[in-house]
Amino acid sequence: MSEAGTPTDDGGRDFVRAVIHEDLVAGRTTSVVTRFPPEPNGYLHIGHAKSICLNFGVAGEFGGRCNLRFDDTNPIKEEMEFIDSIQEDVRWLGYDWGEHLYFASDYFEQLYDWAEHLIGDGKAYVDDLTADEIREYRGTLTVPGRDSPHRARPVDENLDLFRRMRAGDFADGARVLRAKIDMASGNINLRDPVIYRILRAEHPRTGDAWCIYPTYDFAHGQSDAIEGVTHSICTLEFEDHRPLYDWLIDNLPVPSRPRQYEFARLNLTHTVVSKRRLMDLVRDGHVKGWDDPRMPTLSGLRRRGIPAAAIRDFAGRIGVTKSDSTVEMALLDHCVRELLNKTAERRMAVLHPLKVVIENYPEGESEELEAVNNPEDPDAGTHPVPFSRELYIERGDFMEDPPKKFFRLAPGREVRLRYAYFLTCREAVKDDAGEVVELRCTYDPETRGGNAPDGRKVKATLHWVSAAHAVKAEVRLYDHLFATEEPGADGDFLDDINPDSLEVLRDCRLEPGLTEAAVGETVQFERLGYFCPDPDSIPGAPVFNRTIGLRDMWAKMQAKKRTG
C-alpha cells in the first residue's frame with residue numbers, strides 16, 4: 001500500500017490479501033473492515049494467534065480496522081475471566097482494536113427482531129421436537145432429512161410461541177426456533193438449522209435478562225453485517241456454514257453484506273489446539289491452569305517467556321493457505337531462539353551446583369568482573385559480576401575420569417572461567433558415599449579476563465557464580481506436554497501426555513543481578529538456554545521458567561535438507 005487504503009501490486013501476497021487487493025481495485029469496497037470473533041469459553045491458544053495476526057495484520061496493511069467481537073451466545077460456557085484474558089492476550093500480541101470492541105450480546109434485541117422477521121416471512125418456525133429427534137429427522141450425508149411435523153405451523157402461531165419462549169413460558173429445551181430452508185439439501189447445515197433455543201443461564205453481561213439465546217450460526221453473520229465487516233475471515237471448518245450465513249443475509253434487512261473467506265487453521269506437533277481438549281487438561285488437573293507454561297495458550301506461552309514478536313514472526317512464516325497441514329513445533333522454537341539471541345541479555349546461573357574452592361585466592365576478598373550483556377548487540381553494554389574464593393560450577397562440567405572428548409574440568413586439567421581466570425583442578429573432595437562434593441583448585445591471577453599472557457590455550461570455558469554472592473533459586477525445566485507428535489492419533493490424547501514435561505530444580509544458584517529481572521523479561525543463562533522469571537517469585541526466592549534451550553533443531557533440519 002502506498003497510502004492507507006490505496007491498492008498496489010498484489011504480487012507475492014497470500015490469497016486473502018490478494019482477494020482484498022482485488023476488491024479494492026474493482027471498487028467492491030472502499031475500505032477494509034475485518035474482525036477477530038472469539039467465543040469467551042476458554043483462553044486463546046497459538047492457533048488463535050494465527051487468526052489474530054491475519055485479521056489485524058491485513059486491516060493494518062490496507063488502511064482499515066479490525067474489530068474485536070466476542071461471540072457470547074452460550075452463557076453456560078462463558079465467563080468474564082475468559083473475556084478479560086482474551087483482551088489481555090490480543091494486546092500482548094501487539095494489536096489494538098481502539099474503540100471497536102463489540103459483543104454479540106450487544107445485538108440480542110436486533111437479532112430477536114430479525115428472528116421475528118423470518119417468522120413473519122414464513123422462513124422460520126417453532127419446533128417441539130427434542131434435540132435427539134431433530135438429529136434423527138435431519139438425515140445423514142447420504143439420506144435426505146424429513147420435515148418436522150411442526151414445520152407447517154401458521155405464522156401467527158409461530159410468532160405467539162416464539163414470544164412466549166422469550167417470556168419464559170416453556171422449559172429449557174422444550175422448543176426451538178428453526179430456519180425453514182431445505183430438509184433435502186446436500187449441505188446438512190441448510191436442513192432447517194436451529195437459530196434460537198431456550199436456555200436459562202446467567203449471562204456474564206446481560207445477567208438473566210434473556211432466557212432464549214441465538215445460536216452462533218445465527219448471530220455470526222448478522223453481527224458482521226451490523227458492524228460493517230467487509231471481509232469475514234474464518235477457518236476452514238466454517239466453509240460448509242457459509243451457504244447458511246449467505247441465506248440469512250439474503251433473507252434479512254441487514255445494513256451491509258460481509259463476504260466470508262476461509263483459511264486453514266494451525267495444527268502444531270506435540271500439542272493440542274482444541275479448546276475442549278485444553279479445558280480437559282485444566283479441569284482434570286493434568287496442568288496447573290490455563291497459563292501453565294506447558295500449555296499452547298497465549299497466557300502459557302507468555303508465562304514461559306515466549307516473546308510476542310516471535311509468535312508474530314511464526315505466524316508470518318507459516319503463511320495463509322486453504323490446505324490443512326501440521327507445522328513442526330521446531331519452527332516456533334526457531335523463531336523464539338532467533339529473536340532471543342538478538343535481544344536477551346546474558347547472565348550466569350548454575351542449575352546443578354558443585355562447589356569450587358580456589359586455594360590460592362585470598363580469603364575474605366572478592367572483586368567485580370565485567371560480563372557482556374549481549375554479544376549480538378554491541379550497544380547492550382556490560383554488567384558487573386562478583387568473583388571470590390568459593391564458586392559454584394555445573395556438576396556436569398567436572399568428571400573425575402573423563403573420556404577422550406571431554407574437555408571440561410578434571411583433576412590436573414586447566415579450563416577458562418567465563419570473564420574471569422584460568423582455573424586448574426587439584427583435588428576432588430568426596431563424602432562418605434563417594435560422591436564428589438567439592439573441588440580444590442588453583443587459579444592463575446595473570447589471566448584476568450580469560451586470556452593468558454603467555455598465549456597458552458584451553459579447550460573449555462565454564463560458567464560459574466560466586467558462592468558468597470549467589471542467589472538460591474527454583475528453576476522449572478519445561479518440555480513438550482505430549483510425548484508424541486500427534487497426540488491422540490492412536491487413541492485418547494491424554495494417554496500421550498509426557499510424564500517428564502516438567503522437572504523442578506530447587507537448589508540452583510544465580511548471579512545476584514538476576515533478582516532484578518522482571519516477570520516477562522527473558523534472559524539467557526549462558527550455556528544453558530533462555531529463562532524467564534515466573535510470577536510465583538517472591539523477594540529473596542526467585543523462580544525461573546526455562547523458555548527454551550539453546551539447541552536449534554529447526555535450523556539443523558533445514559541445513560540437512562539443503563545439503564541433501
# chains A, B, ... in the order shown; residues from 1 in each chain; ligands from 1
>>> select_by_dssp(residues="segment 17-136 of chain A", states="strand (DSSP E)", output="ChimeraX atom specification")
/A:33-36,65-70,101-103,124-127
>>> residues_around(residues="Arg294 of chain A", least_positions_apart="5", cutoff="9 Å", atoms="only C-alpha atoms", output="ChimeraX atom specification")
/A:287,300-301,304,478-481,501-502
>>> write_last_selection(atoms="N, CA, C and O atoms", output="short mmCIF file (atom, residue, chain, number, x, y, z; two decimals), in the first residue's frame")
data_model
loop_
_atom_site.label_atom_id
_atom_site.label_comp_id
_atom_site.auth_asym_id
_atom_site.auth_seq_id
_atom_site.Cartn_x
_atom_site.Cartn_y
_atom_site.Cartn_z
N VAL A 287 -2.55 -30.14 34.08
CA VAL A 287 -1.69 -28.95 34.09
C VAL A 287 -2.16 -28.06 35.24
O VAL A 287 -3.21 -28.29 35.84
N GLY A 300 -0.01 -19.10 28.63
CA GLY A 300 1.02 -20.07 28.99
C GLY A 300 2.34 -19.77 28.30
O GLY A 300 3.41 -19.84 28.91
N LEU A 301 2.27 -19.43 27.01
CA LEU A 301 3.49 -19.08 26.28
C LEU A 301 4.12 -17.82 26.85
O LEU A 301 5.35 -17.72 26.97
N ARG A 304 5.89 -18.58 30.01
CA ARG A 304 7.14 -19.31 29.77
C ARG A 304 8.24 -18.40 29.26
O ARG A 304 9.41 -18.80 29.22
N TYR A 478 10.82 -26.96 31.51
CA TYR A 478 9.64 -27.43 30.78
C TYR A 478 10.03 -28.09 29.48
O TYR A 478 10.96 -27.66 28.79
N ASP A 479 9.29 -29.14 29.14
CA ASP A 479 9.46 -29.83 27.86
C ASP A 479 8.08 -29.96 27.23
O ASP A 479 7.08 -29.51 27.80
N HIS A 480 7.99 -30.60 26.06
CA HIS A 480 6.70 -30.79 25.41
C HIS A 480 5.72 -31.46 26.37
O HIS A 480 6.07 -32.43 27.05
N LEU A 481 4.49 -30.98 26.40
CA LEU A 481 3.46 -31.58 27.24
C LEU A 481 3.10 -32.97 26.75
O LEU A 481 2.71 -33.83 27.54
N SER A 501 7.42 -33.82 31.37
CA SER A 501 7.27 -32.48 30.79
C SER A 501 7.69 -31.37 31.74
O SER A 501 7.84 -30.23 31.33
N LEU A 502 7.89 -31.70 33.02
CA LEU A 502 8.33 -30.68 33.99
C LEU A 502 9.30 -31.30 34.98
O LEU A 502 9.02 -32.33 35.59
#
>>> select_by_dssp(residues="segment 163-327 of chain A", states="alpha helix (DSSP H)", output="PyMOL selection string")
chain A and resi 163-167+216-227+242-250+275-283+298-304+308-318
>>> residues_around(residues="Gly450 of chain A", least_positions_apart="2", cutoff="12 Å", atoms="only C-alpha atoms", output="JSON list (two decimals) with C-alpha atoms, in the first residue's frame")
[["chain", "number", "residue", "atom", "x", "y", "z"],
["A", 369, "LEU", "CA", 34.44, -8.52, 36.70],
["A", 370, "GLU", "CA", 32.73, -7.19, 33.58],
["A", 371, "ALA", "CA", 30.37, -9.52, 31.73],
["A", 414, "GLU", "CA", 43.08, -26.31, 33.21],
["A", 415, "VAL", "CA", 39.94, -24.52, 31.91],
["A", 416, "ARG", "CA", 38.78, -20.93, 31.48],
["A", 417, "LEU", "CA", 36.16, -19.40, 33.76],
["A", 418, "ARG", "CA", 33.94, -17.11, 31.69],
["A", 419, "TYR", "CA", 35.04, -13.43, 32.04],
["A", 420, "ALA", "CA", 37.43, -14.45, 34.86],
["A", 421, "TYR", "CA", 40.60, -16.57, 35.07],
["A", 422, "PHE", "CA", 42.18, -19.84, 34.09],
["A", 423, "LEU", "CA", 41.42, -22.50, 36.69],
["A", 443, "TYR", "CA", 43.81, -20.03, 39.54],
["A", 444, "ASP", "CA", 46.30, -18.03, 37.50],
["A", 445, "PRO", "CA", 45.96, -14.35, 38.55],
["A", 446, "GLU", "CA", 47.76, -13.30, 35.35],
["A", 447, "THR", "CA", 44.83, -14.48, 33.23],
["A", 448, "ARG", "CA", 42.20, -11.94, 34.40],
["A", 452, "ALA", "CA", 46.85, -15.95, 29.19],
["A", 453, "PRO", "CA", 49.80, -13.52, 28.63],
["A", 455, "GLY", "CA", 49.45, -17.37, 24.81],
["A", 456, "ARG", "CA", 48.57, -20.79, 26.16],
["A", 457, "LYS", "CA", 45.15, -22.14, 25.19],
["A", 458, "VAL", "CA", 42.49, -24.17, 26.94],
["A", 460, "ALA", "CA", 36.80, -25.35, 27.53],
["A", 461, "THR", "CA", 35.16, -22.27, 29.03],
["A", 462, "LEU", "CA", 32.84, -22.77, 32.01],
["A", 463, "HIS", "CA", 30.19, -20.53, 33.52]]
>>> residues_around(residues="Tyr112 of chain A", least_positions_apart="6", cutoff="9 Å", atoms="only C-alpha atoms", output="ChimeraX atom specification")
/A:196,213-214
>>> residues_around(residues="Val350 of chain A", least_positions_apart="2", cutoff="12 Å", atoms="only C-alpha atoms", output="mmCIF file with N, CA and C atoms, in the first residue's frame")
data_model
loop_
_atom_site.group_PDB
_atom_site.id
_atom_site.type_symbol
_atom_site.label_atom_id
_atom_site.label_comp_id
_atom_site.auth_asym_id
_atom_site.auth_seq_id
_atom_site.Cartn_x
_atom_site.Cartn_y
_atom_site.Cartn_z
ATOM 1 N N ARG A 347 23.266 -13.853 31.311
ATOM 2 C CA ARG A 347 23.579 -13.924 32.729
ATOM 3 C C ARG A 347 24.125 -15.320 33.019
ATOM 4 N N MET A 348 24.727 -15.472 34.201
ATOM 5 C CA MET A 348 25.251 -16.795 34.572
ATOM 6 C C MET A 348 24.423 -17.383 35.703
ATOM 7 N N HIS A 352 22.880 -27.185 38.623
ATOM 8 C CA HIS A 352 23.274 -28.343 39.441
ATOM 9 C C HIS A 352 24.631 -28.009 40.069
ATOM 10 N N PRO A 353 24.621 -27.290 41.186
ATOM 11 C CA PRO A 353 25.864 -26.696 41.693
ATOM 12 C C PRO A 353 26.852 -27.699 42.292
ATOM 13 N N LEU A 354 28.105 -27.488 41.957
ATOM 14 C CA LEU A 354 29.243 -28.191 42.566
ATOM 15 C C LEU A 354 30.206 -27.118 43.065
ATOM 16 N N LYS A 355 30.564 -27.191 44.341
ATOM 17 C CA LYS A 355 31.372 -26.140 44.951
ATOM 18 C C LYS A 355 32.834 -26.243 44.521
ATOM 19 N N LEU A 391 33.325 -20.697 44.551
ATOM 20 C CA LEU A 391 32.416 -20.585 43.413
ATOM 21 C C LEU A 391 31.532 -21.820 43.331
ATOM 22 N N TYR A 392 30.524 -21.722 42.457
ATOM 23 C CA TYR A 392 29.764 -22.902 42.036
ATOM 24 C C TYR A 392 29.919 -23.042 40.528
ATOM 25 N N ILE A 393 30.128 -24.287 40.086
ATOM 26 C CA ILE A 393 30.082 -24.607 38.663
ATOM 27 C C ILE A 393 29.051 -25.716 38.470
ATOM 28 N N GLU A 394 28.724 -26.008 37.230
ATOM 29 C CA GLU A 394 27.790 -27.098 36.953
ATOM 30 C C GLU A 394 28.450 -28.441 37.270
ATOM 31 N N ARG A 395 27.710 -29.289 37.955
ATOM 32 C CA ARG A 395 28.222 -30.613 38.295
ATOM 33 C C ARG A 395 28.636 -31.372 37.030
ATOM 34 N N GLY A 396 27.894 -31.167 35.953
ATOM 35 C CA GLY A 396 28.224 -31.859 34.705
ATOM 36 C C GLY A 396 29.469 -31.353 34.023
ATOM 37 N N ASP A 397 30.060 -30.264 34.534
ATOM 38 C CA ASP A 397 31.285 -29.731 33.943
ATOM 39 C C ASP A 397 32.543 -30.325 34.574
ATOM 40 N N LEU A 462 33.954 -22.418 31.139
ATOM 41 C CA LEU A 462 32.840 -22.769 32.007
ATOM 42 C C LEU A 462 32.173 -21.517 32.579
ATOM 43 N N HIS A 463 30.877 -21.600 32.791
ATOM 44 C CA HIS A 463 30.193 -20.533 33.518
ATOM 45 C C HIS A 463 30.228 -20.875 35.005
ATOM 46 N N TRP A 464 29.926 -19.904 35.845
ATOM 47 C CA TRP A 464 30.111 -20.062 37.279
ATOM 48 C C TRP A 464 29.340 -18.949 37.990
ATOM 49 N N VAL A 465 29.212 -19.066 39.295
ATOM 50 C CA VAL A 465 28.715 -17.963 40.121
ATOM 51 C C VAL A 465 29.509 -17.969 41.427
ATOM 52 N N SER A 466 29.681 -16.792 41.995
ATOM 53 C CA SER A 466 30.367 -16.661 43.287
ATOM 54 C C SER A 466 29.466 -17.190 44.395
ATOM 55 N N ALA A 467 29.984 -18.112 45.195
ATOM 56 C CA ALA A 467 29.171 -18.731 46.254
ATOM 57 C C ALA A 467 28.701 -17.698 47.276
ATOM 58 N N ALA A 470 25.902 -15.583 45.435
ATOM 59 C CA ALA A 470 24.866 -16.264 44.644
ATOM 60 C C ALA A 470 23.509 -16.205 45.325
ATOM 61 N N VAL A 471 22.481 -16.182 44.500
ATOM 62 C CA VAL A 471 21.098 -16.208 44.966
ATOM 63 C C VAL A 471 20.543 -17.610 44.721
ATOM 64 N N LYS A 472 19.968 -18.200 45.777
ATOM 65 C CA LYS A 472 19.357 -19.510 45.628
ATOM 66 C C LYS A 472 18.013 -19.358 44.925
ATOM 67 N N ALA A 473 17.731 -20.235 43.988
ATOM 68 C CA ALA A 473 16.507 -20.099 43.201
ATOM 69 C C ALA A 473 15.934 -21.461 42.840
ATOM 70 N N GLU A 474 14.641 -21.434 42.519
ATOM 71 C CA GLU A 474 13.977 -22.598 41.932
ATOM 72 C C GLU A 474 13.915 -22.390 40.428
ATOM 73 N N VAL A 475 14.250 -23.422 39.675
ATOM 74 C CA VAL A 475 14.189 -23.353 38.222
ATOM 75 C C VAL A 475 13.328 -24.504 37.719
ATOM 76 N N LEU A 505 13.960 -27.872 39.781
ATOM 77 C CA LEU A 505 15.251 -27.837 40.480
ATOM 78 C C LEU A 505 15.170 -26.759 41.549
ATOM 79 N N ARG A 506 15.412 -27.130 42.801
ATOM 80 C CA ARG A 506 15.198 -26.189 43.903
ATOM 81 C C ARG A 506 16.484 -25.706 44.571
ATOM 82 N N ASP A 507 17.633 -26.097 44.047
ATOM 83 C CA ASP A 507 18.895 -25.708 44.685
ATOM 84 C C ASP A 507 19.819 -25.033 43.681
ATOM 85 N N CYS A 508 19.265 -24.230 42.800
ATOM 86 C CA CYS A 508 20.064 -23.562 41.780
ATOM 87 C C CYS A 508 20.702 -22.298 42.358
ATOM 88 N N ARG A 509 21.745 -21.844 41.706
ATOM 89 C CA ARG A 509 22.448 -20.644 42.142
ATOM 90 C C ARG A 509 22.557 -19.670 40.964
ATOM 91 N N LEU A 510 22.146 -18.422 41.219
ATOM 92 C CA LEU A 510 22.134 -17.404 40.169
ATOM 93 C C LEU A 510 23.064 -16.258 40.539
ATOM 94 N N GLU A 511 23.605 -15.586 39.523
ATOM 95 C CA GLU A 511 24.352 -14.375 39.825
ATOM 96 C C GLU A 511 23.381 -13.354 40.407
ATOM 97 N N PHE A 525 20.593 -17.822 30.238
ATOM 98 C CA PHE A 525 21.573 -18.378 31.161
ATOM 99 C C PHE A 525 22.671 -18.965 30.285
ATOM 100 N N GLU A 526 23.862 -18.418 30.386
ATOM 101 C CA GLU A 526 24.924 -18.803 29.468
ATOM 102 C C GLU A 526 25.159 -20.308 29.480
ATOM 103 N N ARG A 527 25.211 -20.864 28.273
ATOM 104 C CA ARG A 527 25.446 -22.281 28.003
ATOM 105 C C ARG A 527 24.239 -23.161 28.325
ATOM 106 N N LEU A 528 23.155 -22.598 28.866
ATOM 107 C CA LEU A 528 22.044 -23.425 29.340
ATOM 108 C C LEU A 528 20.745 -23.208 28.578
ATOM 109 N N GLY A 529 20.466 -21.997 28.158
ATOM 110 C CA GLY A 529 19.204 -21.736 27.483
ATOM 111 C C GLY A 529 18.631 -20.404 27.895
#
>>> residues_around(residues="segment 165-173 of chain A", least_positions_apart="4", cutoff="6 Å", atoms="only C-alpha atoms", output="PyMOL selection string")
chain A and resi 198-199+212
>>> write_last_selection(atoms="N, CA and C atoms", output="PDB file, in the first residue's frame")
ATOM      1  N   ILE A 198     -34.089 -22.253  24.079  1.00  0.00           N
ATOM      2  CA  ILE A 198     -34.398 -21.796  25.430  1.00  0.00           C
ATOM      3  C   ILE A 198     -33.261 -22.234  26.346  1.00  0.00           C
ATOM      4  N   LEU A 199     -32.724 -21.299  27.102  1.00  0.00           N
ATOM      5  CA  LEU A 199     -31.561 -21.606  27.932  1.00  0.00           C
ATOM      6  C   LEU A 199     -31.532 -20.654  29.122  1.00  0.00           C
ATOM      7  N   ILE A 212     -33.800 -16.953  26.213  1.00  0.00           N
ATOM      8  CA  ILE A 212     -33.567 -17.562  24.905  1.00  0.00           C
ATOM      9  C   ILE A 212     -32.321 -16.903  24.319  1.00  0.00           C
TER      10      ILE A 212
END
>>> closest_residue(among="A:Arg265, A:Lys180, A:Arg317, A:His150", to="Ile195 of chain A", atoms="only C-alpha atoms")
A:Lys180
>>> closest_residue(among="A:Pro40, A:Pro403, A:Pro499, A:Pro293", to="Asn74 of chain A", atoms="only C-alpha atoms")
A:Pro40
>>> atom_distance(atom1="atom CA of Thr321 of chain A", atom2="atom CA of Ala264 of chain A")
5.8 Å
